[in-house]
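Asks: Sharing a structure, written as structure tokens. Questions coming.
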Amino acid sequence: MSNKISIITVVFNDVQHIRKTMESYFSQTWEDKEYIVIDGGSTDGTVDIIREYSDRLAFWCSEKDDGIYDAMNKGISHATGDWINFLNSGDSYASEYALEATLSCSYALDADIIYGNSIKMLDGHLETIIAPEDIYQMEHEPIFRHGSSLIRTSLHKQYMFDLKKYSKYHFALDWYMIHQVYKAEYTFRKVNVTIQCYQAEGVSNHPFTSRWYNYKIATQGSFSTYHFVYFVKSVCIMVMKNIGVYQWLKALGTEYIVNDILPHIPFWWGRKSYLNLLHCKIGRGSFIMKKCYILNPWNLCIGNHSHINRDCIIDARNRITIGNNVSISHRVSIMTGSHNKDSRHFDYTAQPIVIDDYVWIGIGSTILQGVHIGCGAVVCAGAVVNRDIAPFTIVGGVPAKVIGSRRKDLDYECNGYMPLT
């Protein structure tokens with residue numbers, strides 16, 4: 001089955017960022033792709049940079065248009081791939097493997113729209129935005145960044161951006177298009193891949209206005225008590241997040257109670273119930289012992305029959321996905337957060353960690369951000385893992401290196417539960 005991607009960049013007078021964006025496209029390891037660049041008639045030198053790459057572009061033009069969505073429609077009309085992805089000027093892919101990792105998720109290839117996570121860039125700080133899997137939330141608002149999605153070309157050519165609606169929805173016209181597709185009951189699939197980094201200073205970085213457009217699109221211009229209540233609730237939460245009392249309440253519920261009170265509760269069902277209230281996903285038969293320190297439990301997803309021992313640090317500031325029958329020994333640190341040592345501003349970064357089924361992580365080990373530990377792998381005691389581990393390999397040392405292999409016919413359940421622990 002062909003999975004050619006048509007990547008479309010629209011730009012106008014952005015000589016500062018266009019080269020970085022274009023180089024991000026060319027760095028992608030996925031080979032079956034084409035690049036389309038639509039320029040709105042720039043006069044600042046942007047066109048000179050585009051022209052340098054012209055022999056590597058499927059199509060490009062520089063001409064006056066009727067705004068960003070008119071330019072995007074032009075790009076769609078020239079697309080010949082199976083999928084369309086928008087890489088706007090100033091944005092970039094999260095890694096050179098972003099497209100390859102997305103299309104390697106075979107379970108998603110039968111969908112009409114594939115979407116993933118994004119990284120928001122604001123004032124030198126990076127924040128990973130985890131897209132939810134529950135598409136029902138699109139009754140109210142977008143759940144993924146448009147650039148962090150792949151839309152079937154045939155579908156996108158059917159659902160072009162409706163320029164007649166621009167005066168009504170302005171920068172939310174792409175959400176209007178996606179909502180129309182959602183209401184038409186096309187298939188969406190979430191992949192656990194961080195696809196793009198985007199500049200938060202873009203035209204849609206207006207929280208109140210965005211929520212108002214979301215409400216208008218969700219109700220299609222008619223009044224809905226259900227949607228209006230959701231709109232008011234979202235605005236209230238937005239306002240609270242910008243006042244000091246919210247930070248104190250959040251710290252009380254998600255820091256103090258989780259890490260100072262729960263560790264003293266000897267009943268697992270009580271600790272688990274509270275973690276579930278914070279949207280921490282814990283599968284059947286899984287168990288977290290007392291005295292573990294957990295950051296952002298709502299980003300923690302644990303499969304069935306997995307066991308986390310005492311004194312572990314679970315830094316879920318970005319997504320941590322732990323599979324089935326995983327054994328995590330005492331004093332293990334799983335760290336999604338870090339800082340850029342080369343940044344003058346010591347920029348914060350966070351990348352997801354994935355631990356597949358039957359993994360055993362030895363006592364005192366450290367798993368660093370962005371790591372994927374394959375099925376059945378073993379991390380020896382005290383190891384520091386800073387890169388992906390292939391399935392059924394045994395690694396040890398600082399940094400961890402392959403020192404052996406494990407049998408592949410594994411068939412067991414981790415049962416670490418003990419009363420009062």
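By order of appearance in the structure tokens: chains A, B, ..., then residues from 1 within every chain, and ligands from 1 in the order shown.
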Quick one: DSSP strand (DSSP E) residues in range 189-364 of chain A, as a PyMOL selection string?
Replies: chain A and resi 189-199+281-282+287-288+293-295+300-302+307-308+313-315+320-322+327-328+333-335+337-339+348-350+353-355+360-361
Asks: So that I can check the surroundings of Ala71 in chain A, please list as a ChimeraX atom specification every protein, DNA and RNA residue that reaches within 10 Å of it, counting only C-alpha atoms and ignoring chain neighbours fewer than 4 positions away.
Replies: /A:8-12,37-40,61,63-67,75-76,161
Asks: Please provide as a ChimeraX atom specification all residues within 7 Å of Arg317 in chain A, with the sequence filter that same-chain residues fewer than 6 positions apart are discarded (counting only C-alpha atoms).
Replies: /A:295-296,299,336-337,350
Asks: Keeping N, CA, C and O atoms for every residue in the selection just given, could you write it to a file as an mmCIF file, in the first residue's frame?
Replies:
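Generated file (out.cif):
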```cif
data_model
loop_
_atom_site.group_PDB
_atom_site.id
_atom_site.type_symbol
_atom_site.label_atom_id
_atom_site.label_comp_id
_atom_site.auth_asym_id
_atom_site.auth_seq_id
_atom_site.Cartn_x
_atom_site.Cartn_y
_atom_site.Cartn_z
ATOM 1 N N LEU A 295 5.156 12.840 39.331
ATOM 2 C CA LEU A 295 4.876 14.155 38.762
ATOM 3 C C LEU A 295 3.857 14.010 37.637
ATOM 4 O O LEU A 295 4.007 13.147 36.767
ATOM 5 N N ASN A 296 2.805 14.840 37.648
ATOM 6 C CA ASN A 296 1.784 14.851 36.589
ATOM 7 C C ASN A 296 1.218 13.463 36.314
ATOM 8 O O ASN A 296 1.365 12.916 35.218
ATOM 9 N N ASN A 299 -0.439 12.056 33.017
ATOM 10 C CA ASN A 299 0.333 11.660 31.838
ATOM 11 C C ASN A 299 0.914 10.254 31.970
ATOM 12 O O ASN A 299 1.758 9.858 31.162
ATOM 13 N N THR A 336 11.118 12.195 32.155
ATOM 14 C CA THR A 336 10.787 12.766 30.844
ATOM 15 C C THR A 336 11.268 14.204 30.712
ATOM 16 O O THR A 336 11.400 14.719 29.605
ATOM 17 N N GLY A 337 11.515 14.888 31.822
ATOM 18 C CA GLY A 337 11.915 16.296 31.784
ATOM 19 C C GLY A 337 13.415 16.473 31.868
ATOM 20 O O GLY A 337 14.137 15.647 32.445
ATOM 21 N N ALA A 350 10.922 18.363 27.432
ATOM 22 C CA ALA A 350 10.297 17.137 27.931
ATOM 23 C C ALA A 350 9.923 16.270 26.747
ATOM 24 O O ALA A 350 9.365 16.755 25.762
#
```
Asks: Restricting the calculation to only C-alpha atoms, which member of A:Ser92, A:Thr43, A:Ser234, A:Ser6 is positioned closest to Ser27 in chain A?
Replies: A:Ser92
Asks: Would you give me, as a Markdown table, each residue of range 219-309 of chain A having an atom within 10 Å of an atom of range 129-152 of chain A, along with its shortest atom pair and that distance in Å to one decimal, using only C-alpha atoms and sorting by chain and residue number?
Replies:
```
| residue | atom | partner | partner_atom | distance |
| --- | --- | --- | --- | --- |
| A:Thr219 | CA | A:His140 | CA | 8.7 |
| A:Tyr226 | CA | A:His140 | CA | 9.8 |
| A:His227 | CA | A:His140 | CA | 6.8 |
| A:Phe228 | CA | A:His140 | CA | 9.6 |
| A:Tyr230 | CA | A:His140 | CA | 7.6 |
| A:Phe231 | CA | A:His140 | CA | 8.1 |
| A:Asn299 | CA | A:Ile130 | CA | 8.3 |
```
Asks: Can you write just those residues out, N, CA and C atoms, as a PDB file, in the first residue's frame?
Replies:
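This is the output file selection.pdb:
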```pdb
ATOM      1  N   THR A 219     -21.493  24.463  17.519  1.00  0.00           N
ATOM      2  CA  THR A 219     -22.948  24.633  17.492  1.00  0.00           C
ATOM      3  C   THR A 219     -23.471  25.017  16.121  1.00  0.00           C
ATOM      4  N   TYR A 226     -25.833  22.719  26.236  1.00  0.00           N
ATOM      5  CA  TYR A 226     -24.748  21.779  26.528  1.00  0.00           C
ATOM      6  C   TYR A 226     -23.396  22.368  26.137  1.00  0.00           C
ATOM      7  N   HIS A 227     -23.301  22.873  24.920  1.00  0.00           N
ATOM      8  CA  HIS A 227     -22.038  23.437  24.457  1.00  0.00           C
ATOM      9  C   HIS A 227     -21.729  24.768  25.146  1.00  0.00           C
ATOM     10  N   PHE A 228     -22.761  25.542  25.468  1.00  0.00           N
ATOM     11  CA  PHE A 228     -22.525  26.828  26.123  1.00  0.00           C
ATOM     12  C   PHE A 228     -21.975  26.619  27.534  1.00  0.00           C
ATOM     13  N   TYR A 230     -20.185  24.120  28.481  1.00  0.00           N
ATOM     14  CA  TYR A 230     -18.788  23.702  28.293  1.00  0.00           C
ATOM     15  C   TYR A 230     -17.908  24.919  27.996  1.00  0.00           C
ATOM     16  N   PHE A 231     -18.410  25.835  27.167  1.00  0.00           N
ATOM     17  CA  PHE A 231     -17.670  27.049  26.835  1.00  0.00           C
ATOM     18  C   PHE A 231     -17.410  27.888  28.082  1.00  0.00           C
ATOM     19  N   ASN A 299      -0.439  12.056  33.017  1.00  0.00           N
ATOM     20  CA  ASN A 299       0.333  11.660  31.838  1.00  0.00           C
ATOM     21  C   ASN A 299       0.914  10.254  31.970  1.00  0.00           C
TER      22      ASN A 299
END
```
Asks: When DSSP is applied to the backbone of this structure, which of range 53-169 of chain A are assigned helix (DSSP H, G or I)? Write them out as a ChimeraX atom specification.
Replies: /A:54-56,68-78,98-103,106-108,135-139,146-148,153-158,163-169
Asks: Measure the distance from CA of Trp212 in chain A to CA of Tyr166 in chain A in Å and round it to one decimal.
Replies: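 Atom-to-atom, CA of Trp212 in chain A and CA of Tyr166 in chain A are spaced 14.6 Å apart.
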Asks: From the set A:His170, A:His339, A:Arg319, A:Arg406, which residue has the shortest atom-to-atom contact distance to Ile355 in chain A, counting only C-alpha atoms?
Replies: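 Closest to Ile355 in chain A of all the choices is A:Arg319.
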Asks: Please identify all polymer residues within 9 Å of range 266-269 of chain A, counting only C-alpha atoms, omitting same-chain residues fewer than 6 positions from it, and present them as a list of chain:residue names.
Replies: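 Those residues are A:Phe287, A:Ile288, A:Met289, A:Lys290, A:Tyr417, A:Pro419, A:Leu420, A:Thr421.
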Asks: Which one of A:Ala172, A:Val378, A:Leu126, A:Leu163 sits closest to Gly404 in chain A if you count only C-alpha atoms?
Replies: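 Comparing A:Ala172, A:Val378, A:Leu126, A:Leu163 against Gly404 in chain A, the winner is A:Val378.
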Asks: Could you check the closest approach to Tyr215 in chain A for each of A:Tyr169, A:Cys312, A:Tyr182, A:Ile320 and tell me which residue wins, using only C-alpha atoms?
Replies: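 Nearest candidate to Tyr215 in chain A out of A:Tyr169, A:Cys312, A:Tyr182, A:Ile320: A:Tyr169.
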Asks: CA of Tyr25 in chain A and CA of Ser54 in chain A, how far apart in Å?
Replies: 13.6 Å
Asks: Which residues come within 9 Å of Glu31 in chain A, counting only C-alpha atoms, excluding same-chain residues fewer than 2 positions away, as an NGL selection string?
Replies: :A and (4 or 28-29 or 33-34 or 100)
Asks: For CA of Glu413 in chain A and CA of Pro399 in chain A, determine how far apart the two atoms are, in Å to one decimal place.
Replies: 29.1 Å
Asks: Can you tell me which residues surround Ser329 in chain A at a distance of at most 12 Å, considering only C-alpha atoms, apart from same-chain residues fewer than 4 positions away, and format the answer as an NGL selection string?
Replies: :A and (288-289 or 292 or 306-313 or 333-334 or 359-366 or 378-382 or 414 or 416)
Asks: Do you know which residues are at most 12 Å from Thr21 in chain A counting only C-alpha atoms, after dropping those on the same chain fewer than 4 positions away, and could you put them as a ChimeraX atom specification?
Replies: /A:7-11,14-17,25-28,35,37,46,49-50,86-94,196-199
